[in-house]
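Asker: File name structure23.txt; file contents compact mmCIF, C-alpha atoms and all ligand atoms; full text below.
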```txt
# COMPACT_ATOMS: atom_id res chain seq x y z
CA MET A 1 -0.82 9.11 27.72
CA SER A 2 -2.54 12.40 28.53
CA LYS A 3 -5.88 13.32 27.02
CA VAL A 4 -5.58 14.56 23.45
CA VAL A 5 -7.24 17.92 22.87
CA PRO A 6 -7.84 19.20 19.33
CA VAL A 7 -5.97 22.47 18.87
CA GLY A 8 -6.82 24.79 15.98
CA SER A 9 -9.24 22.17 14.87
CA GLY A 10 -10.82 24.18 12.05
CA PRO A 11 -14.34 23.94 10.66
CA ARG A 12 -16.35 21.02 11.98
CA ILE A 13 -16.70 17.94 9.79
CA GLU A 14 -20.37 17.94 8.79
CA ARG A 15 -20.84 14.83 6.70
CA VAL A 16 -19.18 11.43 6.28
CA GLY A 17 -19.96 9.31 3.22
CA VAL A 18 -18.90 5.70 2.62
CA ASN A 19 -19.11 3.66 -0.55
CA VAL A 20 -17.90 0.23 -1.61
CA HIS A 21 -16.61 -0.36 -5.13
CA ALA A 22 -16.17 -4.02 -5.98
CA CYS A 23 -14.26 -4.67 -9.18
CA PRO A 24 -14.39 -8.24 -10.49
CA LEU A 25 -11.21 -9.41 -12.25
CA PRO A 26 -11.39 -11.01 -15.71
CA GLU A 27 -10.08 -14.24 -14.15
CA PRO A 28 -8.90 -15.32 -10.68
CA GLU A 29 -5.32 -14.44 -9.69
CA SER A 30 -2.99 -16.25 -7.27
CA ASP A 31 0.17 -15.61 -5.33
CA GLY A 32 1.96 -18.23 -3.24
CA THR A 33 -0.69 -18.51 -0.56
CA LEU A 34 -3.95 -16.90 -1.72
CA THR A 35 -6.31 -16.68 -4.72
CA TRP A 36 -8.68 -13.74 -5.35
CA ASP A 37 -11.21 -12.84 -8.02
CA SER A 38 -11.98 -9.18 -7.32
CA VAL A 39 -10.55 -5.98 -5.89
CA THR A 40 -12.65 -4.02 -3.40
CA ALA A 41 -12.08 -0.34 -2.67
CA VAL A 42 -13.84 1.20 0.33
CA VAL A 43 -14.10 4.94 -0.30
CA VAL A 44 -14.73 7.62 2.34
CA THR A 45 -15.67 11.27 1.85
CA LEU A 46 -15.53 13.92 4.60
CA GLU A 47 -17.20 17.29 4.09
CA ALA A 48 -16.58 20.59 5.88
CA ALA A 49 -17.10 24.23 4.93
CA GLY A 50 -17.95 23.45 1.33
CA GLN A 51 -14.94 21.19 0.67
CA THR A 52 -14.81 17.40 0.34
CA GLY A 53 -11.88 15.13 1.22
CA THR A 54 -11.62 11.62 -0.24
CA GLY A 55 -9.81 8.56 1.07
CA TRP A 56 -9.87 4.87 0.35
CA THR A 57 -8.56 1.50 1.43
CA TYR A 58 -8.36 -1.80 -0.42
CA SER A 59 -10.18 -4.03 2.03
CA SER A 60 -13.36 -5.93 2.74
CA PRO A 61 -16.80 -4.29 2.46
CA ALA A 62 -16.83 -4.86 6.22
CA ALA A 63 -14.45 -1.88 6.55
CA ALA A 64 -17.36 0.30 5.40
CA THR A 65 -19.42 -1.05 8.27
CA VAL A 66 -16.64 -0.18 10.75
CA ILE A 67 -16.65 3.37 9.39
CA GLU A 68 -20.44 3.72 9.46
CA HIS A 69 -20.87 2.19 12.93
CA HIS A 70 -17.83 3.58 14.73
CA LEU A 71 -15.61 6.09 12.94
CA ALA A 72 -18.06 8.46 11.22
CA SER A 73 -19.43 9.86 14.49
CA ILE A 74 -15.87 10.43 15.77
CA ALA A 75 -14.99 12.37 12.64
CA ARG A 76 -18.14 14.49 13.03
CA ASP A 77 -17.05 15.31 16.61
CA HIS A 78 -13.85 16.89 15.33
CA GLY A 79 -12.69 19.80 13.27
CA ALA A 80 -11.29 19.32 9.81
CA PHE A 81 -7.74 20.29 10.87
CA ALA A 82 -7.60 17.86 13.80
CA THR A 83 -6.02 14.95 11.93
CA SER A 84 -3.84 13.77 14.84
CA ALA A 85 -6.51 14.11 17.53
CA GLY A 86 -9.02 12.40 15.26
CA TRP A 87 -6.58 9.58 14.56
CA GLN A 88 -6.03 9.01 18.29
CA ALA A 89 -9.77 9.02 18.99
CA MET A 90 -10.50 6.54 16.19
CA HIS A 91 -7.68 4.27 17.35
CA ARG A 92 -8.82 4.32 20.97
CA ALA A 93 -12.39 3.47 19.95
CA GLY A 94 -11.13 0.18 18.51
CA ARG A 95 -9.57 -1.09 21.73
CA ASN A 96 -12.20 -3.70 22.50
CA PHE A 97 -12.49 -4.91 18.90
CA GLY A 98 -8.80 -5.07 17.99
CA ALA A 99 -7.44 -1.84 16.54
CA GLY A 100 -5.27 -3.55 13.91
CA GLY A 101 -6.42 -5.30 10.74
CA LEU A 102 -9.85 -4.32 9.45
CA TRP A 103 -10.25 -1.53 11.99
CA MET A 104 -6.98 0.07 10.94
CA GLN A 105 -7.86 -0.28 7.25
CA ALA A 106 -11.11 1.61 7.90
CA LEU A 107 -9.23 4.19 9.97
CA SER A 108 -6.66 4.57 7.17
CA ALA A 109 -9.34 5.49 4.63
CA VAL A 110 -10.79 8.10 6.99
CA ASP A 111 -7.34 9.52 7.81
CA ILE A 112 -6.50 9.89 4.10
CA ALA A 113 -9.80 11.70 3.49
CA TRP A 114 -9.13 13.88 6.54
CA TRP A 115 -5.71 14.99 5.24
CA ASP A 116 -7.21 15.64 1.81
CA LEU A 117 -9.99 17.75 3.34
CA LYS A 118 -7.56 19.69 5.55
CA ALA A 119 -5.24 20.49 2.66
CA ARG A 120 -8.13 21.59 0.43
CA LEU A 121 -9.48 23.89 3.15
CA LEU A 122 -5.99 25.39 3.53
CA ASN A 123 -5.74 25.69 -0.26
CA THR A 124 -2.59 23.61 -0.37
CA SER A 125 -1.62 20.05 -1.31
CA VAL A 126 -1.10 17.05 0.95
CA VAL A 127 2.45 16.82 -0.38
CA GLU A 128 3.20 20.36 0.75
CA LEU A 129 1.33 19.93 4.02
CA ALA A 130 3.36 16.80 4.84
CA GLY A 131 6.64 18.42 3.73
CA GLN A 132 7.81 17.61 0.21
CA VAL A 133 11.27 16.06 -0.16
CA ARG A 134 11.08 14.91 -3.82
CA THR A 135 9.16 15.74 -6.98
CA GLU A 136 9.46 12.28 -8.55
CA VAL A 137 8.61 9.04 -6.75
CA PRO A 138 10.35 5.90 -8.04
CA PHE A 139 8.18 2.84 -8.56
CA TYR A 140 8.63 -0.81 -9.46
CA GLY A 141 6.34 -2.86 -11.71
CA SER A 142 4.43 -5.51 -9.76
CA GLY A 143 2.03 -8.36 -10.45
CA GLY A 144 3.46 -11.46 -12.07
CA PHE A 145 0.97 -13.77 -10.40
CA THR A 146 1.67 -17.50 -10.17
CA SER A 147 -1.60 -18.03 -12.08
CA LEU A 148 -0.33 -16.27 -15.22
CA ASP A 149 0.77 -18.13 -18.31
CA ASP A 150 3.87 -17.06 -20.22
CA ARG A 151 1.97 -14.79 -22.61
CA GLN A 152 0.24 -12.99 -19.73
CA LEU A 153 3.55 -12.51 -17.90
CA GLN A 154 5.04 -11.14 -21.07
CA GLU A 155 2.18 -8.63 -21.38
CA GLN A 156 2.61 -7.45 -17.80
CA VAL A 157 6.36 -7.02 -18.14
CA GLY A 158 5.71 -5.10 -21.36
CA SER A 159 3.26 -2.78 -19.58
CA TRP A 160 5.88 -2.01 -16.88
CA ALA A 161 8.61 -1.44 -19.43
CA ALA A 162 6.27 0.96 -21.28
CA VAL A 163 6.23 3.27 -18.23
CA GLY A 164 9.98 2.99 -17.72
CA ALA A 165 10.09 0.59 -14.76
CA THR A 166 13.67 -0.13 -13.74
CA ALA A 167 12.61 -2.79 -11.21
CA MET A 168 10.02 -5.56 -11.54
CA LYS A 169 8.50 -8.04 -9.10
CA ILE A 170 6.72 -11.36 -9.59
CA LYS A 171 5.02 -13.76 -7.18
CA ILE A 172 6.70 -17.05 -6.29
CA GLY A 173 6.07 -19.71 -3.63
CA GLU A 174 3.37 -21.27 -5.80
CA ASN A 175 0.91 -23.47 -3.90
CA TRP A 176 2.61 -22.93 -0.55
CA GLY A 177 6.07 -23.61 -1.89
CA THR A 178 5.25 -26.90 -3.57
CA ASP A 179 6.54 -25.97 -7.05
CA VAL A 180 9.99 -24.45 -6.56
CA ALA A 181 11.14 -25.59 -10.01
CA ARG A 182 8.41 -23.49 -11.69
CA ASP A 183 9.10 -20.57 -9.32
CA LEU A 184 12.75 -20.45 -10.39
CA ALA A 185 11.92 -20.99 -14.07
CA ARG A 186 9.55 -18.01 -13.91
CA VAL A 187 12.26 -15.86 -12.29
CA ARG A 188 14.63 -16.78 -15.14
CA ARG A 189 11.85 -15.90 -17.60
CA LEU A 190 11.34 -12.53 -15.88
CA ALA A 191 15.07 -11.83 -16.27
CA GLU A 192 14.84 -12.59 -20.01
CA LEU A 193 11.73 -10.49 -20.54
CA ALA A 194 12.94 -7.54 -18.43
CA GLY A 195 16.35 -7.43 -20.07
CA PRO A 196 19.61 -6.10 -18.65
CA GLY A 197 19.64 -3.31 -16.10
CA VAL A 198 16.28 -4.12 -14.53
CA THR A 199 16.29 -4.98 -10.81
CA LEU A 200 14.65 -8.36 -10.21
CA MET A 201 12.30 -8.75 -7.27
CA VAL A 202 10.19 -11.64 -5.96
CA ASP A 203 7.45 -12.06 -3.36
CA ALA A 204 6.70 -15.44 -1.79
CA ASN A 205 3.87 -14.18 0.44
CA GLY A 206 5.13 -16.42 3.25
CA GLY A 207 4.81 -19.55 1.13
CA TYR A 208 8.05 -21.32 2.03
CA ARG A 209 9.07 -23.30 5.10
CA HIS A 210 12.20 -22.64 7.11
CA GLY A 211 15.19 -24.23 5.38
CA GLN A 212 13.34 -24.28 2.08
CA ALA A 213 13.31 -20.47 2.10
CA LEU A 214 17.09 -20.47 2.56
CA ARG A 215 17.63 -22.92 -0.30
CA VAL A 216 15.36 -20.89 -2.61
CA GLY A 217 17.05 -17.68 -1.45
CA ARG A 218 20.49 -19.03 -2.39
CA ALA A 219 19.17 -19.91 -5.86
CA LEU A 220 17.72 -16.40 -6.14
CA ASP A 221 21.10 -14.94 -5.15
CA ASP A 222 22.64 -16.91 -8.02
CA LEU A 223 20.03 -15.47 -10.39
CA GLY A 224 20.85 -11.93 -9.29
CA VAL A 225 17.54 -11.27 -7.55
CA GLU A 226 17.82 -8.26 -5.23
CA TRP A 227 14.53 -8.38 -3.32
CA PHE A 228 13.06 -11.45 -1.55
CA GLU A 229 9.75 -10.47 0.02
CA GLU A 230 8.17 -12.56 2.77
CA PRO A 231 10.25 -15.71 2.15
CA VAL A 232 8.50 -17.04 5.26
CA THR A 233 5.55 -15.57 7.09
CA SER A 234 6.10 -12.05 8.42
CA ASP A 235 4.65 -13.32 11.70
CA ASP A 236 8.09 -14.89 12.25
CA PRO A 237 10.54 -11.96 12.42
CA ALA A 238 13.24 -14.13 14.01
CA GLU A 239 13.35 -16.41 10.97
CA LEU A 240 13.30 -13.41 8.61
CA ALA A 241 16.25 -11.97 10.55
CA LEU A 242 18.14 -15.26 10.19
CA LEU A 243 17.53 -15.32 6.44
CA ARG A 244 18.62 -11.69 6.21
CA GLU A 245 22.00 -12.69 7.66
CA GLN A 246 22.41 -15.66 5.33
CA LEU A 247 21.34 -14.20 1.97
CA SER A 248 22.72 -11.47 -0.27
CA CYS A 249 19.32 -10.33 -1.54
CA ASP A 250 17.29 -7.92 0.56
CA VAL A 251 14.77 -9.64 2.82
CA THR A 252 11.63 -7.52 3.08
CA ALA A 253 8.21 -7.55 4.75
CA GLY A 254 5.72 -5.21 6.40
CA GLU A 255 2.61 -5.08 4.22
CA TYR A 256 0.38 -6.30 7.08
CA ALA A 257 1.80 -3.92 9.69
CA ALA A 258 -1.03 -1.93 11.28
CA GLU A 259 0.34 -0.69 14.59
CA LEU A 260 3.71 0.89 15.35
CA ASP A 261 4.34 -2.20 17.51
CA ASP A 262 4.09 -4.34 14.37
CA VAL A 263 6.67 -2.09 12.72
CA ARG A 264 8.99 -2.21 15.74
CA ALA A 265 8.92 -6.02 15.70
CA LEU A 266 9.88 -6.16 12.02
CA LEU A 267 12.67 -3.56 12.00
CA PRO A 268 15.46 -5.95 13.06
CA ALA A 269 14.25 -8.52 10.51
CA VAL A 270 14.17 -6.63 7.21
CA ASP A 271 16.49 -4.78 4.82
CA CYS A 272 13.63 -2.57 3.63
CA LEU A 273 10.35 -2.07 5.50
CA GLN A 274 7.18 -2.28 3.45
CA LEU A 275 4.28 -0.12 4.57
CA ASP A 276 0.76 0.12 3.20
CA VAL A 277 -0.85 3.52 3.68
CA THR A 278 -4.29 1.88 3.41
CA ARG A 279 -3.50 -0.52 6.27
CA CYS A 280 -1.08 1.23 8.65
CA GLY A 281 -3.16 4.25 9.63
CA GLY A 282 -3.32 6.40 6.51
CA PHE A 283 -0.96 9.31 5.88
CA THR A 284 -0.61 9.87 9.65
CA GLY A 285 0.37 6.25 10.32
CA PHE A 286 2.65 6.04 7.29
CA LEU A 287 4.69 9.10 8.34
CA ARG A 288 5.08 7.78 11.89
CA ALA A 289 6.09 4.28 10.77
CA ALA A 290 8.54 5.64 8.19
CA ALA A 291 10.19 7.76 10.89
CA LEU A 292 10.51 4.68 13.07
CA ALA A 293 12.24 2.86 10.20
CA GLN A 294 14.51 5.85 9.67
CA SER A 295 15.62 5.54 13.29
CA GLN A 296 17.16 2.19 12.24
CA HIS A 297 18.58 3.62 8.98
CA LEU A 298 16.12 1.57 6.93
CA ASP A 299 14.33 2.48 3.71
CA VAL A 300 10.60 2.03 3.38
CA SER A 301 8.66 0.93 0.29
CA GLY A 302 4.97 1.64 -0.35
CA HIS A 303 2.93 -1.56 -0.72
CA CYS A 304 0.19 -1.48 -3.43
CA ALA A 305 -2.13 1.58 -3.78
CA PRO A 306 0.32 3.41 -6.07
CA ALA A 307 -1.63 6.67 -6.41
CA LEU A 308 -1.80 7.23 -2.65
CA HIS A 309 1.81 6.17 -2.04
CA SER A 310 3.07 8.52 -4.72
CA VAL A 311 1.58 11.40 -2.70
CA ILE A 312 2.89 10.51 0.76
CA GLY A 313 6.09 9.02 -0.69
CA ALA A 314 7.01 12.48 -1.95
CA ALA A 315 7.23 13.56 1.71
CA VAL A 316 9.21 10.61 3.12
CA PRO A 317 13.02 11.04 3.07
CA ASN A 318 13.79 7.32 3.46
CA LEU A 319 11.43 6.09 0.73
CA ARG A 320 13.02 3.59 -1.68
CA HIS A 321 10.09 3.16 -4.05
CA VAL A 322 6.38 2.44 -4.33
CA GLU A 323 4.69 -0.60 -5.82
CA TYR A 324 3.04 -0.05 -9.21
CA PHE A 325 0.69 -2.98 -8.58
CA ILE A 326 -1.19 -3.97 -11.69
CA ASP A 327 -4.57 -4.70 -10.04
CA HIS A 328 -4.64 -1.32 -8.31
CA VAL A 329 -3.32 0.55 -11.34
CA ARG A 330 -6.34 -0.80 -13.25
CA VAL A 331 -8.81 0.05 -10.48
CA GLU A 332 -7.41 3.54 -9.91
CA SER A 333 -7.47 4.35 -13.63
CA ARG A 334 -11.19 3.50 -13.72
CA LEU A 335 -12.27 4.84 -10.33
CA ILE A 336 -10.14 7.90 -9.66
CA ASP A 337 -9.75 11.25 -11.40
CA GLY A 338 -6.40 13.01 -10.99
CA VAL A 339 -4.13 9.97 -10.58
CA PRO A 340 -0.50 11.22 -10.65
CA SER A 341 1.24 10.96 -14.01
CA VAL A 342 3.58 8.04 -14.64
CA GLY A 343 6.58 7.57 -16.92
CA GLY A 344 10.34 7.19 -16.93
CA GLY A 345 10.20 4.90 -13.88
CA VAL A 346 8.63 7.56 -11.63
CA LEU A 347 5.24 8.83 -10.49
CA ARG A 348 4.77 12.59 -10.29
CA PRO A 349 2.23 13.89 -7.77
CA ASP A 350 1.24 17.46 -8.63
CA PRO A 351 1.63 19.80 -5.64
CA ALA A 352 -0.27 22.48 -7.56
CA ARG A 353 -3.46 20.43 -7.17
CA PRO A 354 -5.29 20.93 -3.85
CA GLY A 355 -5.43 18.05 -1.38
CA HIS A 356 -3.98 14.81 -2.73
CA GLY A 357 -5.28 15.92 -6.09
CA MET A 358 -7.68 13.01 -6.58
CA THR A 359 -11.46 12.51 -6.52
CA VAL A 360 -13.68 9.53 -7.20
CA ARG A 361 -15.07 9.62 -10.70
CA SER A 362 -18.84 10.17 -10.59
CA SER A 363 -19.31 7.77 -13.49
CA ALA A 364 -17.04 5.03 -12.11
CA GLY A 365 -18.25 2.34 -14.50
CA GLY A 366 -18.10 -1.31 -13.54
CA PHE A 367 -18.25 -0.68 -9.82
CA ILE A 368 -21.18 -1.74 -7.75
CA ARG A 369 -22.21 -1.39 -4.15
CA PRO A 370 -23.03 -4.83 -2.75
CA GLY A 371 -26.76 -5.35 -2.77
CA GLN A 372 -27.27 -3.07 -5.74
CA GLY A 373 -26.57 -5.86 -8.20
MG MG A 401 3.78 -8.85 -0.67
```
What would the structure in this file look like if it were written as structure tokens?
Answerer:
Amino acid sequence: MSKVVPVGSGPRIERVGVNVHACPLPEPESDGTLTWDSVTAVVVTLEAAGQTGTGWTYSSPAAATVIEHHLASIARDHGAFATSAGWQAMHRAGRNFGAGGLWMQALSAVDIAWWDLKARLLNTSVVELAGQVRTEVPFYGSGGFTSLDDRQLQEQVGSWAAVGATAMKIKIGENWGTDVARDLARVRRLAELAGPGVTLMVDANGGYRHGQALRVGRALDDLGVEWFEEPVTSDDPAELALLREQLSCDVTAGEYAAELDDVRALLPAVDCLQLDVTRCGGFTGFLRAAALAQSQHLDVSGHCAPALHSVIGAAVPNLRHVEYFIDHVRVESRLIDGVPSVGGGVLRPDPARPGHGMTVRSSAGGFIRPGQG
């Protein structure tokens, strides 16, 4: 690849700020293969010519260290319009450390802030800058953790119905696939609570073994489930592809994809590619990965981070929906000003607002920087 030279790079980025907001949950939550007790947002601000761009990723506080040690100086070496050149430079700087995973999550936050800054300086919105294709972005309700009791599940389903969700997803694969009877009972309960006309979706987070995933998938087909996410680990695209051939429901994966190579490996294995804008390289990475999926006539679905996906999703022709993930809905409502409006089963980013339209609330209560108690 030839050397990338910033063209029309705009005013120089003067300042890079990083903050970590750790939000403890009222009680621990579990999916099929992991338990967590807090949500951490790593927030980046980039400043140039009197404007500030904001980006964030849901990651480890260590992503802030990657930004402070490696990415901030690269951003300050570039102009505010040089989103692609900056992206390439940040990606190349990660070669010796592994440019996927944590590095890419840090890069994603910076890229999102960079796009926000660029749009604000140009007095336009990210949606318009990226090329708007829709005004309303469909979402599905998501949460339904294996750790919930029936009353808690009922409350979550009620909260999704209240904003018009026409599709809802719960976690299955409890304890690495060791309680299939409860998994299926909870799916039947979701169907009852959601009522007719709601698309049923499940996510096993890679909790089942080969063979077991097929047996569970056949039961899900019988229950009318349309979306079976990560029936086995997404590190095994060949097995996902096999399941895709054998089941009626859509087999989906992609939330851990960081590089385009990760996306390329998954394309033959899924019916819908999931992408996480906070993990796959920000708005820049999301647009590239979605185009790659489009080359195989596949839809993409935004994983978690609903506010950010509603913005970029409005510019992606092959977007199916974004995930209205309950943990992040809560965090974004407390941390972020300007979150797109929600109702009638859609999110509505406002192209009249500059940038992506969001800023971090100065009085973000309940959030602490580690070490500040
Ligand atoms: Mg998932």
Asker: Grab all the atoms of stretch 356-360 of chain A that the file lists, wrap them in a box along x, y and z, add 6 Å per side, and give me centre plus edge lengths in Å (one decimal) as JSON.
Answerer:
```
{"center_x": -8.8, "center_y": 12.7, "center_z": -5.0, "size_x": 21.7, "size_y": 18.4, "size_z": 16.5}
```
Asker: Have a look at atom CA of A:Thr178 and atom CA of A:Val232 and let me know their distance in Å, one decimal.
Answerer: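 Between atom CA of A:Thr178 and atom CA of A:Val232 the gap is 13.6 Å.
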Asker: From the set A:Val270, A:Leu46, A:Leu129, A:Ile172, which residue has the shortest atom-to-atom contact distance to A:Asp299, counting all atoms listed in the file?
Answerer: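 The shortest atom-to-atom distance to A:Asp299 comes from A:Val270.
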Asker: Here is a test: counting only C-alpha atoms and all ligand atoms, which residue of A:Gly100, A:Gly206, A:Gly177, A:Pro237 is nearest to ligand MG 401 (chain A)?
Answerer: A:Gly206
Asker: Using only C-alpha atoms and all ligand atoms, which residues have at least one atom no more than 9 Å from ligand MG 401 (chain A)? Output them as a PDB file with C-alpha atoms, in the coordinates of the input.
Answerer:
```
ATOM      1  CA  ASP A  31       0.170 -15.610  -5.330  1.00  0.00           C
ATOM      2  CA  LYS A 171       5.020 -13.760  -7.180  1.00  0.00           C
ATOM      3  CA  VAL A 202      10.190 -11.640  -5.960  1.00  0.00           C
ATOM      4  CA  ASP A 203       7.450 -12.060  -3.360  1.00  0.00           C
ATOM      5  CA  ALA A 204       6.700 -15.440  -1.790  1.00  0.00           C
ATOM      6  CA  ASN A 205       3.870 -14.180   0.440  1.00  0.00           C
ATOM      7  CA  GLY A 206       5.130 -16.420   3.250  1.00  0.00           C
ATOM      8  CA  GLU A 229       9.750 -10.470   0.020  1.00  0.00           C
ATOM      9  CA  GLU A 230       8.170 -12.560   2.770  1.00  0.00           C
ATOM     10  CA  THR A 252      11.630  -7.520   3.080  1.00  0.00           C
ATOM     11  CA  ALA A 253       8.210  -7.550   4.750  1.00  0.00           C
ATOM     12  CA  GLY A 254       5.720  -5.210   6.400  1.00  0.00           C
ATOM     13  CA  GLU A 255       2.610  -5.080   4.220  1.00  0.00           C
ATOM     14  CA  TYR A 256       0.380  -6.300   7.080  1.00  0.00           C
ATOM     15  CA  GLN A 274       7.180  -2.280   3.450  1.00  0.00           C
ATOM     16  CA  HIS A 303       2.930  -1.560  -0.720  1.00  0.00           C
ATOM     17  CA  CYS A 304       0.190  -1.480  -3.430  1.00  0.00           C
TER      18      CYS A 304
END
```
Asker: If you measure from atom CA of A:Trp56 to atom CA of A:Ala41, what distance in Å do you get, rounded to one decimal?
Answerer: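 Computed distance, atom CA of A:Trp56 to atom CA of A:Ala41, equals 6.4 Å.
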Asker: Return the single residue from A:Val216, A:Ala82, A:Ala22, A:Ile170 that is closest to A:Leu148, with distances computed using only C-alpha atoms.
Answerer: A:Ile170
Asker: Any idea what's packed within 8 Å of A:Gly17, counting all atoms listed in the file, ignoring anything in its chain fewer than 2 positions away? Could you give it as a PDB file with C-alpha atoms, in the frame of the given file?
Answerer:
```
ATOM      1  CA  ARG A  15     -20.840  14.830   6.700  1.00  0.00           C
ATOM      2  CA  ASN A  19     -19.110   3.660  -0.550  1.00  0.00           C
ATOM      3  CA  VAL A  44     -14.730   7.620   2.340  1.00  0.00           C
ATOM      4  CA  THR A  45     -15.670  11.270   1.850  1.00  0.00           C
ATOM      5  CA  LEU A  46     -15.530  13.920   4.600  1.00  0.00           C
TER       6      LEU A  46
END
```
Asker: Rounded to one decimal place, report the atom CA of A:Pro351-atom CA of A:His297 distance in Å.
Answerer: 27.6 Å
Asker: So, counting only C-alpha atoms, which residue among A:Val331, A:Asp235, A:Ser9, A:Ser108 is closest to A:Ala85?
Answerer: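 Checking each of A:Val331, A:Asp235, A:Ser9, A:Ser108 against A:Ala85, counting only C-alpha atoms, the winner is A:Ser9.
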Asker: Mind checking which residues fall within 10 Å of A:Ser60, counting all atoms listed in the file, ignoring those fewer than 2 positions away in the same chain, and posting them as a ChimeraX atom specification?
Answerer: /A:20,22,39-42,57-58,62-65,102,105-106
Asker: List the neighbours of A:Leu240 out to 12 Å using all atoms listed in the file; skip same-chain residues closer than 2 positions along the sequence, and give me the result as a ChimeraX atom specification.
Answerer: /A:206,208-211,213-214,217,228-238,242-247,250-254,265-272
Asker: Would you kindly return, as a ChimeraX atom specification, each protein, DNA or RNA residue with an atom no farther than 12 Å from any atom of A:Gly197, considering all atoms listed in the file and excluding same-chain residues fewer than 2 positions away?
Answerer: /A:161,164-168,191-195,199-200,224-225
Asker: For each of A:Ala48, A:Gly32, A:Pro196, A:Gly55, take the minimum atom-to-atom distance to A:Val180, counting all atoms listed in the file, then give the residue where this is smallest.
Answerer: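 Once distances to A:Val180 are computed over all atoms listed in the file, the minimum belongs to A:Gly32.
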Asker: Show me as a PyMOL selection string the residues that reach within 9 Å of (-4.6, 20.5, 11.6), counting all atoms listed in the file and using the file's own coordinates.
Answerer: chain A and resi 6-10+79-85+115+118-119
Asker: Ranking A:Ser30, A:Thr54, A:Ser341, A:Gln294 by minimum distance to A:Arg361 and counting only C-alpha atoms, which one comes first?
Answerer: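 For A:Arg361, the nearest of the given residues is A:Thr54.
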Asker: Determine, counting only C-alpha atoms, every residue of protein, DNA or RNA that lies within 6 Å of (-6.0, 8.4, 3.5) in the file coordinates, then give the result as a PyMOL selection string.
Answerer: chain A and resi 55+108-113+282-283
Asker: Grab the residues selected above and save them as a short mmCIF file (atom, residue, chain, number, x, y, z; two decimals), in the coordinates of the input with C-alpha atoms.
Answerer:
```cif
data_model
loop_
_atom_site.label_atom_id
_atom_site.label_comp_id
_atom_site.auth_asym_id
_atom_site.auth_seq_id
_atom_site.Cartn_x
_atom_site.Cartn_y
_atom_site.Cartn_z
CA GLY A 55 -9.81 8.56 1.07
CA SER A 108 -6.66 4.57 7.17
CA ALA A 109 -9.34 5.49 4.63
CA VAL A 110 -10.79 8.10 6.99
CA ASP A 111 -7.34 9.52 7.81
CA ILE A 112 -6.50 9.89 4.10
CA ALA A 113 -9.80 11.70 3.49
CA GLY A 282 -3.32 6.40 6.51
CA PHE A 283 -0.96 9.31 5.88
#
```
Asker: Would you mind listing what lies within 7 Å of A:His78 as JSON, numbers by chain, with all atoms listed in the file counted and same-chain residues fewer than 5 positions away left out?
Answerer: {"A": [12, 13, 86]}
Asker: Some atoms are missing, so please complete stretch 302-313 of chain A with N, CA and C atoms and return it as a PDB file, in the coordinates of the input.
Answerer:
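Contents of the output file part.pdb:
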```
ATOM      1  N   GLY A 302       6.430   1.631  -0.402  1.00  0.00           N
ATOM      2  CA  GLY A 302       4.970   1.640  -0.350  1.00  0.00           C
ATOM      3  C   GLY A 302       4.393   0.386  -0.984  1.00  0.00           C
ATOM      4  N   HIS A 303       3.523  -0.304  -0.250  1.00  0.00           N
ATOM      5  CA  HIS A 303       2.930  -1.560  -0.720  1.00  0.00           C
ATOM      6  C   HIS A 303       1.577  -1.273  -1.403  1.00  0.00           C
ATOM      7  N   CYS A 304       1.447  -1.658  -2.671  1.00  0.00           N
ATOM      8  CA  CYS A 304       0.190  -1.480  -3.430  1.00  0.00           C
ATOM      9  C   CYS A 304      -0.248  -0.008  -3.460  1.00  0.00           C
ATOM     10  N   ALA A 305      -1.540   0.228  -3.791  1.00  0.00           N
ATOM     11  CA  ALA A 305      -2.130   1.580  -3.780  1.00  0.00           C
ATOM     12  C   ALA A 305      -1.190   2.652  -4.323  1.00  0.00           C
ATOM     13  N   PRO A 306      -0.738   2.519  -5.575  1.00  0.00           N
ATOM     14  CA  PRO A 306       0.320   3.410  -6.070  1.00  0.00           C
ATOM     15  C   PRO A 306      -0.040   4.902  -6.056  1.00  0.00           C
ATOM     16  N   ALA A 307      -1.293   5.247  -6.348  1.00  0.00           N
ATOM     17  CA  ALA A 307      -1.630   6.670  -6.410  1.00  0.00           C
ATOM     18  C   ALA A 307      -1.455   7.330  -5.042  1.00  0.00           C
ATOM     19  N   LEU A 308      -1.922   6.656  -3.996  1.00  0.00           N
ATOM     20  CA  LEU A 308      -1.800   7.230  -2.650  1.00  0.00           C
ATOM     21  C   LEU A 308      -0.352   7.253  -2.183  1.00  0.00           C
ATOM     22  N   HIS A 309       0.404   6.191  -2.483  1.00  0.00           N
ATOM     23  CA  HIS A 309       1.810   6.170  -2.040  1.00  0.00           C
ATOM     24  C   HIS A 309       2.659   7.190  -2.781  1.00  0.00           C
ATOM     25  N   SER A 310       2.273   7.515  -4.005  1.00  0.00           N
ATOM     26  CA  SER A 310       3.070   8.520  -4.720  1.00  0.00           C
ATOM     27  C   SER A 310       2.943   9.876  -4.025  1.00  0.00           C
ATOM     28  N   VAL A 311       1.792  10.120  -3.395  1.00  0.00           N
ATOM     29  CA  VAL A 311       1.580  11.400  -2.700  1.00  0.00           C
ATOM     30  C   VAL A 311       2.393  11.435  -1.398  1.00  0.00           C
ATOM     31  N   ILE A 312       2.194  10.465  -0.537  1.00  0.00           N
ATOM     32  CA  ILE A 312       2.890  10.510   0.760  1.00  0.00           C
ATOM     33  C   ILE A 312       4.377  10.182   0.575  1.00  0.00           C
ATOM     34  N   GLY A 313       4.687   9.369  -0.432  1.00  0.00           N
ATOM     35  CA  GLY A 313       6.090   9.020  -0.690  1.00  0.00           C
ATOM     36  C   GLY A 313       6.935  10.237  -1.045  1.00  0.00           C
TER      37      GLY A 313
END
```
